[in-house]
Structures are given as C-alpha cells and as structure tokens.
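Raw contents of query.txt, compact mmCIF, C-alpha atoms:
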# COMPACT_ATOMS: atom_id res chain seq x y z
CA MET I 756 103.78 105.22 103.71
CA HIS I 757 100.96 104.37 101.36
CA THR I 758 99.71 105.51 97.97
CA LEU I 759 96.16 106.59 97.25
CA SER I 760 94.29 107.58 94.12
CA THR I 761 94.65 110.84 92.24
CA PRO I 762 93.16 113.73 94.27
CA SER I 763 89.80 115.00 93.14
CA SER I 764 89.23 118.25 91.25
CA PRO I 765 86.96 121.07 92.48
CA ASN I 766 84.08 119.84 90.33
CA SER I 767 84.39 116.13 91.16
CA GLU I 768 82.08 114.19 93.42
CA GLY I 769 85.07 113.09 95.48
CA SER I 770 85.18 116.52 97.09
CA GLY I 771 81.82 116.06 98.76
CA ALA I 772 78.34 117.22 97.89
CA ALA I 773 79.01 120.87 98.71
CA TRP I 774 82.02 123.08 98.25
CA PRO I 775 82.20 125.37 101.34
CA PHE I 776 82.34 129.12 100.74
CA GLN I 777 85.79 129.40 102.32
CA ARG I 778 87.15 126.78 99.93
CA ARG I 779 85.73 128.62 96.93
CA LYS I 780 87.11 131.85 98.34
CA VAL I 781 90.70 130.57 98.54
CA PHE I 782 90.42 128.99 95.09
CA ASP I 783 89.17 132.27 93.61
CA TRP I 784 91.94 134.18 95.37
CA LEU I 785 94.56 131.93 93.77
CA ILE I 786 93.06 132.37 90.31
CA ASN I 787 92.00 136.01 90.35
CA ASP I 788 93.86 137.95 93.04
CA THR I 789 97.47 136.81 92.64
CA ARG I 790 98.08 138.20 89.17
CA ASN I 791 100.12 141.14 90.44
CA GLU I 792 102.42 138.97 92.57
CA ARG I 793 105.56 138.07 90.67
CA PHE I 794 107.02 135.41 92.98
CA ILE I 795 105.51 132.01 93.76
CA ASP I 796 107.16 131.88 97.19
CA ASN I 797 105.20 134.96 98.29
CA ILE I 798 101.97 133.42 96.99
CA PHE I 799 102.76 130.17 98.79
CA VAL I 800 103.29 131.97 102.11
CA GLU I 801 99.98 133.79 101.70
CA LEU I 802 98.26 130.52 100.79
CA GLY I 803 99.49 128.93 104.01
CA LYS I 804 98.17 131.82 106.08
CA ARG I 805 94.78 131.75 104.33
CA LEU I 806 94.44 128.01 104.84
CA VAL I 807 95.06 128.36 108.57
CA GLU I 808 92.58 131.26 108.77
CA ASP I 809 89.97 129.10 107.06
CA GLY I 810 90.35 126.28 109.53
CA VAL I 811 92.74 123.95 107.68
CA PRO I 812 95.52 123.36 110.24
CA VAL I 813 98.49 123.35 107.88
CA ALA I 814 101.67 123.72 109.95
CA ARG I 815 104.14 123.08 107.17
CA ALA I 816 103.99 123.10 103.36
CA THR I 817 106.54 122.72 100.57
CA LEU I 818 106.77 123.14 96.82
CA HIS I 819 109.43 121.13 95.01
CA PHE I 820 110.39 122.32 91.53
CA ARG I 821 112.80 121.10 88.91
CA ILE I 822 114.51 124.16 87.43
CA HIS I 823 116.68 124.81 84.39
CA HIS I 824 119.77 126.27 86.00
CA PRO I 825 123.47 125.69 85.26
CA GLN I 826 124.20 124.96 88.94
CA TRP I 827 121.06 123.43 90.43
CA LEU I 828 118.70 120.60 89.57
CA GLY I 829 115.82 121.88 91.64
CA ALA I 830 114.55 124.04 94.45
CA ARG I 831 112.29 123.66 97.46
CA ILE I 832 110.05 126.40 98.84
CA LEU I 833 109.24 125.77 102.51
CA TRP I 834 106.59 127.52 104.60
CA ARG I 835 105.89 126.91 108.27
CA SER I 836 103.11 128.39 110.35
CA GLY I 837 104.25 131.73 111.70
CA LEU I 838 106.84 132.42 109.00
CA GLN I 839 106.47 135.69 107.12
CA GLU I 840 108.82 134.61 104.33
CA ALA I 841 109.42 131.27 102.70
CA ASP I 842 112.67 129.37 103.07
CA ILE I 843 114.09 128.60 99.62
CA GLN I 844 116.67 125.85 99.24
CA THR I 845 118.36 124.73 96.02
CA PHE I 846 119.53 121.19 95.28
CA ASP I 847 122.59 120.14 93.33
CA TYR I 848 122.66 117.81 90.38
CA GLY I 849 123.16 114.25 91.59
CA ILE I 850 120.80 114.48 94.59
CA GLU I 851 118.49 111.95 92.95
CA GLU I 852 121.21 109.31 93.29
CA THR I 853 121.37 109.69 97.09
CA ALA I 854 119.73 107.10 99.34
CA ARG I 855 117.81 109.76 101.26
CA PHE I 856 116.15 111.07 98.12
CA GLN I 857 115.39 107.60 96.74
CA ASN I 858 113.59 106.69 99.96
CA SER I 859 111.69 109.97 100.15
CA PRO I 860 108.03 110.69 99.33
CA ILE I 861 109.22 113.12 96.65
CA SER I 862 110.91 110.20 94.90
CA ALA I 863 107.71 108.16 95.22
CA ILE I 864 105.77 110.92 93.44
CA LYS I 865 108.47 111.17 90.79
CA ASN I 866 108.15 107.42 90.22
CA GLY I 867 104.41 107.57 89.61
CA ALA I 868 102.59 107.73 92.95
CA ARG I 869 99.53 109.96 92.72
CA GLU I 870 99.35 110.61 96.45
CA VAL I 871 101.52 109.88 99.48
CA ARG I 872 99.71 110.21 102.80
CA GLN I 873 101.38 109.25 106.06
CA ARG I 874 100.45 109.52 109.74
CA LEU I 875 103.47 110.76 111.69
CA ASP I 876 102.31 110.33 115.29
CA ASP I 877 102.62 106.55 115.32
CA LEU I 878 105.54 105.63 113.10
CA GLY I 879 106.86 102.10 112.97
CA PRO I 880 110.54 101.20 113.34
CA ASP I 881 111.02 101.03 109.56
CA ALA I 882 109.80 104.57 108.84
CA ASN I 883 112.08 106.51 106.51
CA SER I 884 114.20 109.42 107.67
CA THR I 885 111.95 112.08 106.12
CA PHE I 886 108.96 110.96 108.17
CA ARG I 887 111.03 110.56 111.33
CA ASP I 888 112.32 114.13 110.96
CA LEU I 889 108.81 115.49 110.44
CA SER I 890 107.50 113.55 113.41
CA ALA I 891 110.30 115.00 115.55
CA GLU I 892 109.00 118.48 114.64
CA GLY I 893 105.67 117.58 116.27
CA LEU I 894 103.79 117.03 113.02
CA THR I 895 101.08 114.40 113.00
CA GLU I 896 100.27 113.81 109.32
CA TYR I 897 101.82 114.47 105.93
CA VAL I 898 100.43 114.42 102.40
CA ALA I 899 102.23 114.89 99.07
CA TRP I 900 100.75 115.25 95.59
CA PRO I 901 102.14 115.75 92.11
CA LEU I 902 101.63 119.24 90.77
CA PRO I 903 101.14 118.84 87.01
CA HIS I 904 102.31 121.50 84.58
CA THR I 905 101.92 121.52 80.81
CA LEU I 906 103.76 119.17 78.42
CA GLY I 907 103.98 116.40 81.00
CA LYS I 908 106.06 118.35 83.52
CA GLU I 909 105.37 117.44 87.16
CA HIS I 910 106.47 119.02 90.37
CA VAL I 911 105.45 118.23 93.97
CA VAL I 912 103.47 119.95 96.70
CA THR I 913 103.26 118.74 100.29
CA PHE I 914 101.26 119.69 103.37
CA ALA I 915 101.68 118.61 106.99
CA THR I 916 99.69 119.29 110.16
CA ASP I 917 100.32 119.19 113.88
CA GLN I 918 96.62 118.72 114.65
CA ALA I 919 95.92 115.83 117.02
CA GLY I 920 94.82 112.89 114.90
CA GLY I 921 96.14 114.42 111.69
CA PHE I 922 94.06 115.88 108.86
CA THR I 923 90.38 115.05 108.56
CA ASP I 924 89.20 113.63 105.25
CA ASP I 925 87.37 116.87 104.54
CA GLN I 926 90.56 118.87 105.10
CA ILE I 927 92.43 116.58 102.71
CA ALA I 928 89.66 117.11 100.14
CA TYR I 929 89.91 120.89 100.72
CA LEU I 930 93.64 120.85 99.94
CA ALA I 931 93.20 118.55 96.94
CA ASP I 932 90.57 120.87 95.49
CA LEU I 933 93.12 123.71 95.41
CA LEU I 934 95.70 121.82 93.36
CA PRO I 935 94.49 122.82 89.86
CA ALA I 936 94.62 126.50 90.82
CA LEU I 937 98.01 126.13 92.51
CA ALA I 938 99.34 124.29 89.46
CA LEU I 939 98.22 127.09 87.15
CA VAL I 940 99.55 129.88 89.35
CA SER I 941 102.87 128.17 90.01
CA GLU I 942 103.49 127.30 86.35
CA ILE I 943 103.12 130.92 85.29
CA ARG I 944 105.63 132.10 87.91
CA LEU I 945 108.00 129.21 87.29
CA LYS I 946 108.11 129.92 83.57
CA ASN I 947 108.68 133.61 84.23
CA ARG I 948 111.58 132.68 86.51
CA LEU I 949 112.82 130.18 83.94
CA ALA I 950 112.88 132.89 81.27
CA ARG I 951 114.93 135.11 83.56
CA THR I 952 117.29 132.32 84.53
CA LEU I 953 117.93 131.32 80.94
CA LEU I 954 118.53 134.93 79.88
CA GLU I 955 120.81 135.60 82.84
CA THR I 956 122.71 132.38 82.06
CA TYR I 957 123.27 133.18 78.39
CA VAL I 958 123.43 136.99 78.18
CA GLY I 959 124.09 138.16 81.77
CA PRO I 960 121.91 139.87 84.40
CA HIS I 961 121.98 143.43 83.02
CA ALA I 962 121.33 142.47 79.41
CA SER I 963 118.57 140.11 80.50
CA GLU I 964 116.79 142.95 82.29
CA GLN I 965 116.98 145.06 79.12
CA ILE I 966 115.59 142.23 77.01
CA LEU I 967 112.76 141.45 79.43
CA ALA I 968 111.93 145.15 79.51
CA GLY I 969 111.36 145.03 75.74
CA ALA I 970 114.75 145.60 74.08
CA THR I 971 114.18 142.91 71.45
CA ARG I 972 114.26 144.94 68.25
CA ARG I 973 117.30 144.84 65.98
CA GLY I 974 119.24 148.08 66.32
CA SER I 975 117.67 148.97 69.67
CA GLY I 976 120.20 150.03 72.25
CA VAL I 977 121.79 152.87 74.14
CA THR I 978 125.20 154.51 74.27
CA VAL I 979 126.88 153.97 77.61
CA GLY I 980 130.27 154.76 79.07
CA ALA I 981 132.08 151.63 80.17
CA ALA I 982 135.41 150.15 81.11
CA ILE I 983 135.95 147.27 78.70
CA LEU I 984 137.86 144.06 79.38
CA ILE I 985 138.73 141.50 76.72
CA CYS I 986 140.56 138.31 77.67
CA ASP I 987 141.96 135.56 75.48
CA LEU I 988 143.56 132.21 76.26
CA ARG I 989 146.94 131.51 74.67
CA ASP I 990 147.72 128.46 72.49
CA PHE I 991 144.17 127.15 72.74
CA THR I 992 144.15 125.89 69.15
CA SER I 993 147.07 123.53 69.78
CA ILE I 994 145.59 122.45 73.10
CA SER I 995 142.23 121.62 71.51
CA ASP I 996 144.00 119.67 68.76
CA MET I 997 146.09 117.55 71.13
CA TRP I 998 143.90 117.10 74.21
CA PRO I 999 140.87 114.78 74.56
CA ARG I 1000 137.57 116.62 74.16
CA ASP I 1001 136.46 116.22 77.79
CA ASP I 1002 139.81 117.53 79.04
CA VAL I 1003 139.50 120.58 76.79
CA ILE I 1004 136.02 121.31 78.13
CA GLU I 1005 137.25 120.91 81.71
CA LEU I 1006 140.15 123.27 80.99
CA LEU I 1007 137.88 125.91 79.47
CA ASN I 1008 135.40 125.69 82.34
CA GLY I 1009 138.16 126.11 84.91
CA TYR I 1010 139.64 129.05 83.02
CA PHE I 1011 136.26 130.78 82.63
CA ASP I 1012 135.42 130.20 86.30
CA ALA I 1013 138.69 131.83 87.32
CA MET I 1014 138.02 134.85 85.10
CA SER I 1015 134.26 135.18 85.42
CA GLU I 1016 133.61 134.91 89.12
CA PRO I 1017 135.74 137.95 90.10
CA ILE I 1018 134.22 139.98 87.24
CA ALA I 1019 130.67 139.25 88.38
CA ARG I 1020 131.59 139.75 92.05
CA HIS I 1021 132.88 143.26 91.36
CA GLY I 1022 129.96 144.45 89.26
CA GLY I 1023 131.12 143.59 85.77
CA GLU I 1024 128.91 142.06 83.11
CA ILE I 1025 130.19 139.30 80.86
CA LEU I 1026 128.47 139.85 77.54
CA LYS I 1027 129.86 136.88 75.67
CA PHE I 1028 132.27 134.01 75.59
CA MET I 1029 134.11 133.93 72.29
CA GLY I 1030 135.61 130.46 71.98
CA ASP I 1031 138.48 130.79 74.43
CA GLY I 1032 137.95 134.51 75.07
CA LEU I 1033 135.46 136.72 76.85
CA LEU I 1034 134.16 140.28 76.62
CA ALA I 1035 133.05 142.11 79.75
CA ILE I 1036 132.11 145.66 80.66
CA PHE I 1037 132.00 147.66 83.88
CA PRO I 1038 129.48 150.49 83.32
CA LEU I 1039 130.80 153.91 84.35
CA SER I 1040 127.49 154.67 86.05
CA ASP I 1041 129.30 153.08 89.01
CA PRO I 1042 131.95 155.62 90.09
CA LYS I 1043 134.21 152.73 91.19
CA ALA I 1044 133.92 150.85 87.90
CA CYS I 1045 137.59 151.21 86.91
CA HIS I 1046 138.79 150.34 90.39
CA ASN I 1047 136.48 147.32 90.45
CA LEU I 1048 137.79 146.14 87.09
CA VAL I 1049 141.38 146.19 88.39
CA ARG I 1050 140.32 144.31 91.52
CA ALA I 1051 138.58 141.74 89.34
CA ILE I 1052 141.72 141.25 87.23
CA SER I 1053 143.89 140.87 90.33
CA GLU I 1054 141.60 138.23 91.82
CA ALA I 1055 141.27 136.47 88.46
CA GLN I 1056 145.06 136.32 88.14
CA ALA I 1057 145.29 134.77 91.61
CA ALA I 1058 142.65 132.19 90.66
CA LEU I 1059 144.49 131.43 87.41
CA ASP I 1060 147.75 130.98 89.35
CA THR I 1061 146.01 128.39 91.51
CA LEU I 1062 144.58 126.70 88.43
CA ASN I 1063 148.02 126.63 86.81
CA GLU I 1064 149.55 125.03 89.89
CA GLU I 1065 147.08 122.20 89.42
CA HIS I 1066 147.98 121.92 85.72
CA VAL I 1067 151.68 121.70 86.59
CA ARG I 1068 150.97 118.98 89.17
CA LYS I 1069 149.25 117.02 86.39
CA GLY I 1070 152.25 117.42 84.12
CA ARG I 1071 150.61 120.03 81.88
CA ASN I 1072 151.93 123.40 80.80
CA PRO I 1073 150.50 126.40 82.65
CA LEU I 1074 147.87 128.40 80.82
CA GLY I 1075 148.86 131.71 79.27
CA TYR I 1076 146.40 134.53 78.71
CA GLY I 1077 146.17 138.12 77.58
CA ILE I 1078 143.88 140.87 78.93
CA GLY I 1079 143.28 144.20 77.20
CA VAL I 1080 141.51 147.06 78.98
CA HIS I 1081 140.18 150.35 77.65
CA VAL I 1082 137.44 152.82 78.52
CA GLY I 1083 134.99 154.78 76.38
CA ASP I 1084 131.50 155.01 74.96
CA VAL I 1085 129.98 151.86 73.49
CA MET I 1086 126.68 151.03 71.81
CA TYR I 1087 124.94 148.57 74.11
CA GLY I 1088 122.13 146.70 72.41
CA ASN I 1089 120.92 144.36 69.69
CA ILE I 1090 122.72 143.57 66.47
CA GLY I 1091 122.28 140.65 64.09
CA SER I 1092 119.95 139.28 61.44
CA ALA I 1093 116.21 139.80 61.25
CA THR I 1094 115.53 136.65 63.28
CA ARG I 1095 118.73 136.06 65.29
CA LEU I 1096 120.06 138.81 67.55
CA ASP I 1097 123.07 139.25 69.79
CA PHE I 1098 122.90 141.61 72.77
CA THR I 1099 126.40 143.04 72.97
CA VAL I 1100 128.55 146.15 72.85
CA ILE I 1101 130.22 147.58 69.77
CA GLY I 1102 132.25 150.67 68.98
CA PRO I 1103 135.80 151.98 68.63
CA ALA I 1104 136.46 151.55 72.35
CA VAL I 1105 135.78 147.81 72.07
CA ASN I 1106 138.14 147.58 69.10
CA ILE I 1107 140.92 149.28 71.05
CA ALA I 1108 140.48 146.88 73.98
CA SER I 1109 140.80 144.02 71.51
CA ARG I 1110 143.97 145.49 70.00
CA LEU I 1111 145.44 145.92 73.48
CA GLU I 1112 144.73 142.27 74.25
CA ASN I 1113 146.60 141.32 71.10
CA LEU I 1114 149.51 143.61 72.11
CA THR I 1115 150.09 141.47 75.22
CA LYS I 1116 151.63 138.83 72.94
CA SER I 1117 154.42 141.04 71.60
CA LEU I 1118 155.08 142.85 74.89
CA GLY I 1119 155.06 139.68 76.97
CA ARG I 1120 152.75 141.20 79.59
CA PRO I 1121 149.52 139.42 80.59
CA VAL I 1122 147.59 142.68 81.16
CA ILE I 1123 147.77 145.88 79.13
CA LEU I 1124 145.66 148.94 79.88
CA SER I 1125 145.19 152.15 77.92
CA LYS I 1126 146.23 155.57 79.18
CA ASP I 1127 142.57 156.66 79.09
CA PHE I 1128 141.66 153.89 81.51
CA VAL I 1129 144.62 154.56 83.80
CA GLU I 1130 143.79 158.27 84.03
CA MET I 1131 140.15 157.55 84.84
CA SER I 1132 140.97 154.89 87.43
CA CYS I 1133 142.57 157.30 89.93
CA GLN I 1134 145.09 154.58 90.83
CA ALA I 1135 148.26 155.85 89.11
CA ASP I 1136 150.56 154.03 91.54
CA ALA I 1137 149.06 150.66 90.53
CA PHE I 1138 150.41 150.87 86.97
CA GLU I 1139 153.69 151.21 85.13
CA SER I 1140 154.23 152.72 81.69
CA LEU I 1141 155.01 150.38 78.82
CA GLY I 1142 155.57 153.20 76.34
CA SER I 1143 153.68 154.24 73.22
CA HIS I 1144 152.60 151.68 70.66
CA THR I 1145 150.80 151.77 67.34
CA LEU I 1146 147.65 149.70 67.23
CA ARG I 1147 146.18 148.36 64.03
CA GLY I 1148 143.50 150.70 62.70
CA LEU I 1149 144.67 153.77 64.66
CA ASP I 1150 146.48 156.71 63.09
CA ARG I 1151 148.73 157.50 66.02
CA PRO I 1152 150.44 155.55 68.81
CA ILE I 1153 148.79 155.38 72.22
CA ASP I 1154 150.38 155.15 75.65
CA VAL I 1155 149.85 151.80 77.34
CA PHE I 1156 150.41 150.53 80.85
CA GLY I 1157 150.81 147.30 82.76
CA LEU I 1158 149.98 146.35 86.32
CA LYS I 1159 152.86 146.73 88.73
CA ALA I 1160 153.88 143.34 90.07
CA SER I 1161 153.51 144.58 93.65
CA GLU I 1162 150.03 145.88 92.88
CA SER I 1163 148.65 142.91 90.97
CA ALA I 1164 147.27 141.19 94.06
CA THR I 1165 145.55 144.18 95.67
CA ALA I 1166 144.41 147.39 94.02
CA HIS I 1167 144.15 150.53 96.13
CA GLU I 1168 140.78 151.98 96.94
CA PRO I 1169 140.15 155.05 94.80
CA ALA I 1170 139.85 158.40 96.52
CA GLU I 1171 136.29 159.40 97.32
The structure in this file should be written as structure tokens.
Amino acid sequence: MHTLSTPSSPNSEGSGAAWPFQRRKVFDWLINDTRNERFIDNIFVELGKRLVEDGVPVARATLHFRIHHPQWLGARILWRSGLQEADIQTFDYGIEETARFQNSPISAIKNGAREVRQRLDDLGPDANSTFRDLSAEGLTEYVAWPLPHTLGKEHVVTFATDQAGGFTDDQIAYLADLLPALALVSEIRLKNRLARTLLETYVGPHASEQILAGATRRGSGVTVGAAILICDLRDFTSISDMWPRDDVIELLNGYFDAMSEPIARHGGEILKFMGDGLLAIFPLSDPKACHNLVRAISEAQAALDTLNEEHVRKGRNPLGYGIGVHVGDVMYGNIGSATRLDFTVIGPAVNIASRLENLTKSLGRPVILSKDFVEMSCQADAFESLGSHTLRGLDRPIDVFGLKASESATAHEPAE
C-alpha cells in the first residue's frame, strides 16, 4: 500500500491536456441529470455502469459514509459489475477500534492519506486482509480517495478493476476528475437522508413524513382516529434518587426497548418519551390497529418480564409499570411556541388514556383498557371487566377492562 498526492480536479493540468468527451459527459450527467434521483445508492450504481460503458473497467466500487444514527456509526454502499442494485451494509459503533479497520485503506484515508493505490495481482506476504480479499475476487488494482463534504466532513470512495495490469494512469485520472461532482451529489443525498434519520429518530416515521411534506406551521394538523397507549414506569423518582446516573440511564433504555420495539413492530407510532413514560398511537386507518396494539402490549409485557428477571438476578426490585389504553379522535399535528414546536396528539381521548394509566395504580392491574377500545377490538374474550370507575375530569363513570391472564401472551386474530 502506498500514498500518493491529492487527485487532480477537472480543470487541473494533472488530468492531461485534453478532457475526453466521454469524461465530460459523465461529469455533466452527475451534475445535471441526477437531480430527480433521491437515493445516492441508485446514482452510484448508474455511475458504475456508465464508467464501464465509457471504457473505464471498474469492476467494484464503494462509498463509505459516516452517518448520524442511534444504532450505526456508518454505512457502505457497494457496487459490482453486473449488479442492478447496490449492496448497503451498516457498521456498528466501535468498529474503528477493531484491528481489521485500523489496518484498512479506509482507516488510512481517515488518518490523512489523500490517496491509497494498490496493485492486487502481485501482493507480498505482508499484505493486509482487505487487499488479500480483493485479490481473491480476481481484482487487479484498487484505489481509494477521500470524498470531501462541507465543514470539514470527509467520507471515502473506492474503485477496483479486474483488468490485466490494473488501471492505466489515464483511467485513474478519469476517476479522479469525477470526484468533485460525486462529492456534491453525494452530500446532497446524504444530508437529505440525515434529515430523515434525525426526524425519524426524534419524532417517529409517520410524523417525520408529515414534517418533511411541509407540516411545519404551528396549529397545522389533522384529526385522526387512533387507538392510544400511554405507559408509565412506577417508582422512577425514588430509583433516580438512589441509583447512580449511568445505572438509571441503562434501566430507562432497557425499559423503553422492551416497550418500544413491539409497538413499532406492530405498526404503532411512538410520539414522545415523557421522562419515564411514553405516548403511542395506532391509527385506525389500519383495520387491525386495536388488535395490533394488544399484541404489542403482550409482547412488551413478555420483554419486561425478561428484563425483570435480570434485575432480580442483580439483586434489584422488578420494575412496575402502568399502561392505559383508549380509542377516539385526536388532533395530530404541531403545537408549541412560535419558534419551538412539538408534533404530537392532543384531545379528550388522550386525556382518558392518561387517566386510565393512572387508574392502574389503585386497581393493581398493569394494563387497563376502556370499554370503547374493547368494543372496537373485536376480541371480547381477551379481556375481563374491572367494573365502572370515575375518572378525573369526566362527569360519569366509564367501564374499564383488563387483559385476561391467559390472553396476555397471545391475542387472538380479529375476525376478517
């Protein structure tokens, strides 16, 4: 492996005296004809095909991006000759501490190399594992360059060929000339994806779509029918007072994982975490929304049981929780100050769900559901009556229900 100087730009003398028409054509395509393509992986696949058509024998190419995601440090987009779609792989936090990464050409670029160019058809015994793997694929030469984005951000692009003798110098210059256009095109798509990822992370997938579609004005929103779930952790104040900070954070993360994953898996949308509680809705546009909510609760309870077994093994008390469930129309949209908005749901139905969650404390049941929800769910045999109870703010008592113990693990499919 060896490092060379920074690749030349399209207007530099390092590219040669003339810039061939095909090279200008691909550059112009990147700049002018990709504006309607939303995804960089599709553009990258098309770029690979166009390079091959124009006589640059690229057999393999990759883009390596750092991404702002709660689960992953980065992603790699891989294209090989003949593929119609790119292979996208994500990488966990901590990969940069592995020996394989630290010995890789991507690490060399990260540490300041402006170019890594390596022949693969005559590797020595000390060649690193990345180059040995590429050579085993029949590739003959590899080149990697930094892909600069604004504000000092850098990513990496690589190309490899299976042409006998590797790339020619003119082919290397051809690829280097395309880097400014590829950097521009990829940054636009990466920032679009980043905006989506951040919105999905903090407000959920459905709300993020509404916001990206233009729902950014205070008071904007729609009335939707939804099954509403509100969950709250018991005795969290005393736990947070007595436990070390890192243990409290670990506890909350485990609790929210147990609750959130089944909700998302069954089509619910978590609109907010409220300290040690959460608010989620299952829109009634899905005819199985109520059934899916019950399934989500059952799976969340099983996950919480597993989590509590671990707490008991560590000598801690098991976590208690309360879940209130109601159904009705809610206003789904933006509320807040002139400059700080919250995309959420409000309305009497949300208030009733909250009151039902609070009722779990006095009734000693972890899940309480309203009669309206039970009647809409078409799963009468999954519930048992807990009588009529007066809720704060309501003029008359309402009938409430709990999950039958025998039904808490598996809810019946609703009738079609």
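Closest approach to Leu1158 of chain I among I:Asn1089, I:Asn1106, I:Asn1113, I:Ser1125 is made by I:Ser1125 (distances from all atoms listed in the file).
Omitting segment 797-800 of chain I and its sequence neighbours fewer than 2 positions away, and counting all atoms listed in the file, the residues within 10 Å are Leu785, Thr789, Arg790, Glu792, Arg793, Phe794, Ile795, Leu802, Gly803, Lys804, Arg805, Ala816, Thr817, Leu818, Ile832, Leu833, Trp834, Arg835, Ser836, Gly837, Leu838, Gln839, Glu840, Ala841, Asp842, Leu937, Val940, Ser941 and Arg944 of chain I.
Of the residues listed (I:Thr895, I:Arg972, I:Gly1142, I:Pro860), I:Arg972 shows the shortest atom-to-atom separation from Ser1092 of chain I; distances use all atoms listed in the file.
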Quiz item: With distances taken over only C-alpha atoms, which of I:Ile1101, I:Ala1057, I:Ile1025, I:Ile1153 is nearest to Lys1126 of chain I?
Solution: I:Ile1153
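Taking atom CA of Arg1068 of chain I and atom CA of Pro1017 of chain I as the two end points, the separation is 24.3 Å.
Atom CA of Phe1138 of chain I sits 22.8 Å away from atom CA of Asp1084 of chain I.
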Quiz prompt | Close residues, Leu902 of chain I itself excluded, 7 Å, all atoms listed in the file, min 4 positions apart in chain, as number ranges by chain | solution = I: 909-912, 934, 938
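Minimum distance to Leu1124 of chain I across I:Val781, I:Met1086, I:Leu984, I:Ala1019 (counting all atoms listed in the file) occurs at I:Leu984.
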Every residue with an atom at most 10 Å from (108.1, 115.3, 108.3) (file coordinates; all atoms listed in the file) is what I'm after, so could you write them as an mmCIF file with C-alpha atoms, in the frame of the given file?
data_model
loop_
_atom_site.group_PDB
_atom_site.id
_atom_site.type_symbol
_atom_site.label_atom_id
_atom_site.label_comp_id
_atom_site.auth_asym_id
_atom_site.auth_seq_id
_atom_site.Cartn_x
_atom_site.Cartn_y
_atom_site.Cartn_z
ATOM 1 C CA ARG I 815 104.140 123.080 107.170
ATOM 2 C CA GLN I 873 101.380 109.250 106.060
ATOM 3 C CA ARG I 874 100.450 109.520 109.740
ATOM 4 C CA LEU I 875 103.470 110.760 111.690
ATOM 5 C CA ASN I 883 112.080 106.510 106.510
ATOM 6 C CA SER I 884 114.200 109.420 107.670
ATOM 7 C CA THR I 885 111.950 112.080 106.120
ATOM 8 C CA PHE I 886 108.960 110.960 108.170
ATOM 9 C CA ARG I 887 111.030 110.560 111.330
ATOM 10 C CA ASP I 888 112.320 114.130 110.960
ATOM 11 C CA LEU I 889 108.810 115.490 110.440
ATOM 12 C CA SER I 890 107.500 113.550 113.410
ATOM 13 C CA ALA I 891 110.300 115.000 115.550
ATOM 14 C CA GLU I 892 109.000 118.480 114.640
ATOM 15 C CA GLY I 893 105.670 117.580 116.270
ATOM 16 C CA LEU I 894 103.790 117.030 113.020
ATOM 17 C CA THR I 895 101.080 114.400 113.000
ATOM 18 C CA GLU I 896 100.270 113.810 109.320
ATOM 19 C CA TYR I 897 101.820 114.470 105.930
ATOM 20 C CA VAL I 898 100.430 114.420 102.400
ATOM 21 C CA THR I 913 103.260 118.740 100.290
ATOM 22 C CA PHE I 914 101.260 119.690 103.370
ATOM 23 C CA ALA I 915 101.680 118.610 106.990
ATOM 24 C CA THR I 916 99.690 119.290 110.160
#
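Considering the residues I:Gln926, I:His819, I:Leu945, I:Gly849 and counting all atoms listed in the file, Val807 of chain I has its shortest atom-to-atom contact with I:Gln926.
Compared by their closest atoms to Pro1042 of chain I, and using all atoms listed in the file, the residues I:Leu1096, I:Ala981, I:Val811, I:Ala936 rank with I:Ala981 nearest.
Here atom CA of Leu1062 of chain I stands at a distance of 20.5 Å from atom CA of His1021 of chain I.
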Quiz item: Near Gly1032 of chain I, counting only C-alpha atoms, which residues have an atom at most 12 Å away, once you skip same-chain residues fewer than 5 positions from it, shown as JSON, numbers by chain?
Solution: {"I": [984, 985, 986, 987, 988, 989, 990, 991, 1007, 1008, 1010, 1011, 1014, 1015, 1025, 1026, 1027, 1076, 1077, 1078, 1079, 1109, 1112, 1113]}
Take the residues from that selection and put them in a file with C-alpha atoms, as a short mmCIF file (atom, residue, chain, number, x, y, z; two decimals), in the coordinates of the input.
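Result file follows (result12.cif):
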data_model
loop_
_atom_site.label_atom_id
_atom_site.label_comp_id
_atom_site.auth_asym_id
_atom_site.auth_seq_id
_atom_site.Cartn_x
_atom_site.Cartn_y
_atom_site.Cartn_z
CA LEU I 984 137.86 144.06 79.38
CA ILE I 985 138.73 141.50 76.72
CA CYS I 986 140.56 138.31 77.67
CA ASP I 987 141.96 135.56 75.48
CA LEU I 988 143.56 132.21 76.26
CA ARG I 989 146.94 131.51 74.67
CA ASP I 990 147.72 128.46 72.49
CA PHE I 991 144.17 127.15 72.74
CA LEU I 1007 137.88 125.91 79.47
CA ASN I 1008 135.40 125.69 82.34
CA TYR I 1010 139.64 129.05 83.02
CA PHE I 1011 136.26 130.78 82.63
CA MET I 1014 138.02 134.85 85.10
CA SER I 1015 134.26 135.18 85.42
CA ILE I 1025 130.19 139.30 80.86
CA LEU I 1026 128.47 139.85 77.54
CA LYS I 1027 129.86 136.88 75.67
CA TYR I 1076 146.40 134.53 78.71
CA GLY I 1077 146.17 138.12 77.58
CA ILE I 1078 143.88 140.87 78.93
CA GLY I 1079 143.28 144.20 77.20
CA SER I 1109 140.80 144.02 71.51
CA GLU I 1112 144.73 142.27 74.25
CA ASN I 1113 146.60 141.32 71.10
#
Quiz item: Which polymer residues have any atom within 12 Å of an atom of Asn858 of chain I, counting only C-alpha atoms, with same-chain residues fewer than 5 positions away left out, as a PyMOL selection string?
Solution: chain I and resi 756+850-853+863-866+881-886
